[in-house]
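Asks: First the structure, then my questions, so here it is.
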Amino acid sequence: MEAARLKNPKNRPVRLTFQDEARFGRMSDPHSCWAPMPLRPMVTLALVREFKYEYATVSPWDGALDTMTADKMNTETMSRFLKQVSEAHPDDFIIMVLDGASSHKSKELKVPDNMSLILLPPYSPELNPAEQIWNRLRKNYFANKIFDSLEAATRQAEHGLAEMAANHNAMISLTNWPWIKSINLIAI
């Protein structure tokens with residue numbers, strides 16, 4: 001946290017966010033579903049390997065969700081996402097917690113001045129509440145659906161993320177875990 005304090009000389013309000021990215025596309029996601037007896041539900045399956053990446057960062061304290069769709073997951077795309085988040089919250093100092101993907105710790109990564117990155121320990125997705133965004137998106141917007149094009153799947157992901165972003169209370173409920181509620185960033 002000392003690095004974050006040094007990077008926030010203007011003493012801007014601190015915004016704690018958790019970031020992650022995931023692939024969404026035409027590969028179907030079969031789930032169990034309900035059907036009245038004696039009917040047996042039939043779910044079609046698609047094995048098309050076309051996808052795009054969805055980037056997201058969530059602020060568990062106020063439920064703000066920032067997202068971006070990208071063709072690739074690399075350092076250049078991550079730099080673009082960090083810039084987008086920075087510009088969306090120009091008055092805040094953003095502490096972004098994220099996993100240790102190579103694009104997150106590259107020397108070429110461009111981190112905006114109003115942002116500091118904190119890496120999670122390796123192999124600890126259970127510490128990142130942003131992972132819950134993908135679970136909810138897959139369950140509510142992708143389960144048992146087949147898309148005839150990558151564009152249709154991308155529209156579905158963007159639609160689902162936009163609906164989730166509009167419901168700040170649901171995002172708080174999904175991501176503001178007890179240990180996150182207890183974090184005190186006043187000292188930063």
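Each chain of the structure tokens is named A, B, ... in the order shown, its residues numbered from 1; ligands are numbered from 1 in display order.
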At a cut-off of 12 Å, using only C-alpha atoms, what residues contact Val85 of chain A? Leave out same-chain residues fewer than 5 positions from it and give the result as an MDAnalysis selection string.

Replies: chainID A and resid 15 17:19 55:59 64:68 78:80 90:96 111:115

Asks: Report, in Å to a single decimal, how far apart atom CA of Ile118 of chain A and atom CA of Lys105 of chain A are.

Replies: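 Separation of atom CA of Lys105 of chain A and atom CA of Ile118 of chain A: 9.9 Å.
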
Asks: May I have the residues within 12 Å of segment 126-128 of chain A as a ChimeraX atom specification, using only C-alpha atoms and disregarding those fewer than 4 positions away in the same chain?

Replies: /A:17-21,56-60,96-100,118-122,132-134,174-180

Asks: Would you save the residues from that selection as a PDB file, in the first residue's frame, using N, CA and C atoms?

Replies:
ATOM      1  N   THR A  17     -10.921  -1.245  -6.772  1.00  0.00           N
ATOM      2  CA  THR A  17     -11.581  -2.064  -7.784  1.00  0.00           C
ATOM      3  C   THR A  17     -10.879  -3.408  -7.911  1.00  0.00           C
ATOM      4  N   PHE A  18     -11.604  -4.375  -8.418  1.00  0.00           N
ATOM      5  CA  PHE A  18     -11.078  -5.711  -8.696  1.00  0.00           C
ATOM      6  C   PHE A  18     -11.312  -5.977 -10.180  1.00  0.00           C
ATOM      7  N   GLN A  19     -10.278  -6.444 -10.876  1.00  0.00           N
ATOM      8  CA  GLN A  19     -10.319  -6.587 -12.321  1.00  0.00           C
ATOM      9  C   GLN A  19     -10.128  -8.032 -12.744  1.00  0.00           C
ATOM     10  N   ASP A  20     -10.737  -8.389 -13.869  1.00  0.00           N
ATOM     11  CA  ASP A  20     -10.521  -9.699 -14.476  1.00  0.00           C
ATOM     12  C   ASP A  20     -10.972  -9.624 -15.927  1.00  0.00           C
ATOM     13  N   GLU A  21     -10.626 -10.636 -16.695  1.00  0.00           N
ATOM     14  CA  GLU A  21     -11.095 -10.757 -18.061  1.00  0.00           C
ATOM     15  C   GLU A  21     -11.475 -12.207 -18.318  1.00  0.00           C
ATOM     16  N   ALA A  56     -13.347  -6.459 -17.324  1.00  0.00           N
ATOM     17  CA  ALA A  56     -14.232  -5.803 -16.358  1.00  0.00           C
ATOM     18  C   ALA A  56     -13.460  -5.461 -15.098  1.00  0.00           C
ATOM     19  N   THR A  57     -13.859  -4.373 -14.475  1.00  0.00           N
ATOM     20  CA  THR A  57     -13.386  -4.046 -13.138  1.00  0.00           C
ATOM     21  C   THR A  57     -14.589  -3.547 -12.353  1.00  0.00           C
ATOM     22  N   VAL A  58     -14.677  -4.007 -11.117  1.00  0.00           N
ATOM     23  CA  VAL A  58     -15.823  -3.658 -10.280  1.00  0.00           C
ATOM     24  C   VAL A  58     -15.338  -3.024  -8.985  1.00  0.00           C
ATOM     25  N   SER A  59     -16.060  -2.016  -8.557  1.00  0.00           N
ATOM     26  CA  SER A  59     -15.803  -1.384  -7.269  1.00  0.00           C
ATOM     27  C   SER A  59     -16.850  -1.908  -6.293  1.00  0.00           C
ATOM     28  N   PRO A  60     -16.468  -2.829  -5.400  1.00  0.00           N
ATOM     29  CA  PRO A  60     -17.460  -3.440  -4.512  1.00  0.00           C
ATOM     30  C   PRO A  60     -18.154  -2.455  -3.577  1.00  0.00           C
ATOM     31  N   MET A  96      -6.376  -0.885  -8.183  1.00  0.00           N
ATOM     32  CA  MET A  96      -6.952  -2.006  -8.917  1.00  0.00           C
ATOM     33  C   MET A  96      -6.235  -3.291  -8.503  1.00  0.00           C
ATOM     34  N   VAL A  97      -7.014  -4.241  -8.001  1.00  0.00           N
ATOM     35  CA  VAL A  97      -6.501  -5.550  -7.604  1.00  0.00           C
ATOM     36  C   VAL A  97      -6.766  -6.504  -8.762  1.00  0.00           C
ATOM     37  N   LEU A  98      -5.736  -7.239  -9.185  1.00  0.00           N
ATOM     38  CA  LEU A  98      -5.876  -8.109 -10.336  1.00  0.00           C
ATOM     39  C   LEU A  98      -4.953  -9.315 -10.215  1.00  0.00           C
ATOM     40  N   ASP A  99      -5.202 -10.312 -11.061  1.00  0.00           N
ATOM     41  CA  ASP A  99      -4.376 -11.521 -11.010  1.00  0.00           C
ATOM     42  C   ASP A  99      -3.029 -11.271 -11.693  1.00  0.00           C
ATOM     43  N   GLY A 100      -2.178 -12.252 -11.675  1.00  0.00           N
ATOM     44  CA  GLY A 100      -0.818 -12.101 -12.175  1.00  0.00           C
ATOM     45  C   GLY A 100      -0.626 -12.478 -13.628  1.00  0.00           C
ATOM     46  N   ILE A 118      -2.319  -3.750  -7.774  1.00  0.00           N
ATOM     47  CA  ILE A 118      -1.902  -4.689  -6.736  1.00  0.00           C
ATOM     48  C   ILE A 118      -2.213  -6.090  -7.245  1.00  0.00           C
ATOM     49  N   LEU A 119      -1.187  -6.942  -7.303  1.00  0.00           N
ATOM     50  CA  LEU A 119      -1.367  -8.303  -7.805  1.00  0.00           C
ATOM     51  C   LEU A 119      -1.809  -9.240  -6.683  1.00  0.00           C
ATOM     52  N   LEU A 120      -2.764 -10.085  -7.010  1.00  0.00           N
ATOM     53  CA  LEU A 120      -3.192 -11.135  -6.089  1.00  0.00           C
ATOM     54  C   LEU A 120      -2.125 -12.227  -6.030  1.00  0.00           C
ATOM     55  N   PRO A 121      -2.135 -13.034  -4.978  1.00  0.00           N
ATOM     56  CA  PRO A 121      -1.208 -14.176  -4.950  1.00  0.00           C
ATOM     57  C   PRO A 121      -1.528 -15.128  -6.110  1.00  0.00           C
ATOM     58  N   PRO A 122      -0.539 -15.880  -6.583  1.00  0.00           N
ATOM     59  CA  PRO A 122      -0.788 -16.817  -7.684  1.00  0.00           C
ATOM     60  C   PRO A 122      -1.863 -17.846  -7.328  1.00  0.00           C
ATOM     61  N   GLN A 132     -16.933 -13.367 -10.028  1.00  0.00           N
ATOM     62  CA  GLN A 132     -18.371 -13.611  -9.893  1.00  0.00           C
ATOM     63  C   GLN A 132     -19.165 -12.986 -11.042  1.00  0.00           C
ATOM     64  N   ILE A 133     -18.612 -11.937 -11.640  1.00  0.00           N
ATOM     65  CA  ILE A 133     -19.277 -11.303 -12.784  1.00  0.00           C
ATOM     66  C   ILE A 133     -19.432 -12.310 -13.907  1.00  0.00           C
ATOM     67  N   TRP A 134     -18.361 -13.072 -14.162  1.00  0.00           N
ATOM     68  CA  TRP A 134     -18.407 -14.043 -15.264  1.00  0.00           C
ATOM     69  C   TRP A 134     -19.379 -15.175 -14.949  1.00  0.00           C
ATOM     70  N   LEU A 174     -23.124  -8.823  -4.926  1.00  0.00           N
ATOM     71  CA  LEU A 174     -22.333  -9.895  -5.535  1.00  0.00           C
ATOM     72  C   LEU A 174     -20.854  -9.823  -5.153  1.00  0.00           C
ATOM     73  N   THR A 175     -20.320  -8.614  -4.969  1.00  0.00           N
ATOM     74  CA  THR A 175     -18.865  -8.469  -4.852  1.00  0.00           C
ATOM     75  C   THR A 175     -18.347  -7.888  -3.544  1.00  0.00           C
ATOM     76  N   ASN A 176     -19.191  -7.262  -2.736  1.00  0.00           N
ATOM     77  CA  ASN A 176     -18.691  -6.623  -1.515  1.00  0.00           C
ATOM     78  C   ASN A 176     -18.674  -7.639  -0.373  1.00  0.00           C
ATOM     79  N   TRP A 177     -17.675  -8.499  -0.411  1.00  0.00           N
ATOM     80  CA  TRP A 177     -17.523  -9.563   0.565  1.00  0.00           C
ATOM     81  C   TRP A 177     -17.128  -8.988   1.920  1.00  0.00           C
ATOM     82  N   PRO A 178     -17.378  -9.700   3.013  1.00  0.00           N
ATOM     83  CA  PRO A 178     -17.065  -9.168   4.356  1.00  0.00           C
ATOM     84  C   PRO A 178     -15.631  -8.672   4.513  1.00  0.00           C
ATOM     85  N   TRP A 179     -14.650  -9.387   3.976  1.00  0.00           N
ATOM     86  CA  TRP A 179     -13.266  -8.926   4.149  1.00  0.00           C
ATOM     87  C   TRP A 179     -12.995  -7.660   3.347  1.00  0.00           C
ATOM     88  N   ILE A 180     -13.735  -7.453   2.257  1.00  0.00           N
ATOM     89  CA  ILE A 180     -13.567  -6.229   1.478  1.00  0.00           C
ATOM     90  C   ILE A 180     -14.224  -5.054   2.200  1.00  0.00           C
TER      91      ILE A 180
END

Asks: Using only C-alpha atoms, find the one residue out of A:Thr69, A:Ile146, A:Lys7, A:Asn74 that sits nearest to Ala162 of chain A.

Replies: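 Answer, going by the shortest atom-to-atom distance: A:Thr69.
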
Asks: Which of segment 4-112 of chain A counts as strand (DSSP E) under DSSP, as a ChimeraX atom specification please?

Replies: /A:14-27,47-59,64-70,93-98

Asks: Rounded to one decimal in Å, what is the spacing between atom CA of Glu54 of chain A and atom CA of Asn184 of chain A?

Replies: 29.7 Å

Asks: Between A:Ser182, A:Gln156, A:Thr75, A:Asn167, which one has atoms that come closest to Gly25 of chain A, using only C-alpha atoms?

Replies: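 Among the listed residues, the smallest separation from Gly25 of chain A belongs to A:Gln156.
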
Asks: Between atom CA of Ala101 of chain A and atom CA of Thr77 of chain A, what is the distance, to one decimal in Å?

Replies: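 Between atom CA of Ala101 of chain A and atom CA of Thr77 of chain A the gap is 12.8 Å.
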
Asks: Ranking A:His159, A:Lys110, A:His168, A:Lys10 by minimum distance to Asn140 of chain A and counting only C-alpha atoms, which one comes first?

Replies: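 Residue with the minimum atom-to-atom distance to Asn140 of chain A: A:His159.
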
Asks: Could you give me the residues within chain A that DSSP places in alpha helix (DSSP H), as a ChimeraX atom specification?

Replies: /A:2-7,75-88,131-137,150-166,168-175,178-181

Asks: Nearest to Glu158 of chain A: which of A:Asp62, A:Tyr141, A:Arg12, A:Glu87 is it, counting only C-alpha atoms?

Replies: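 Using only C-alpha atoms, Glu158 of chain A sits closest to A:Tyr141.
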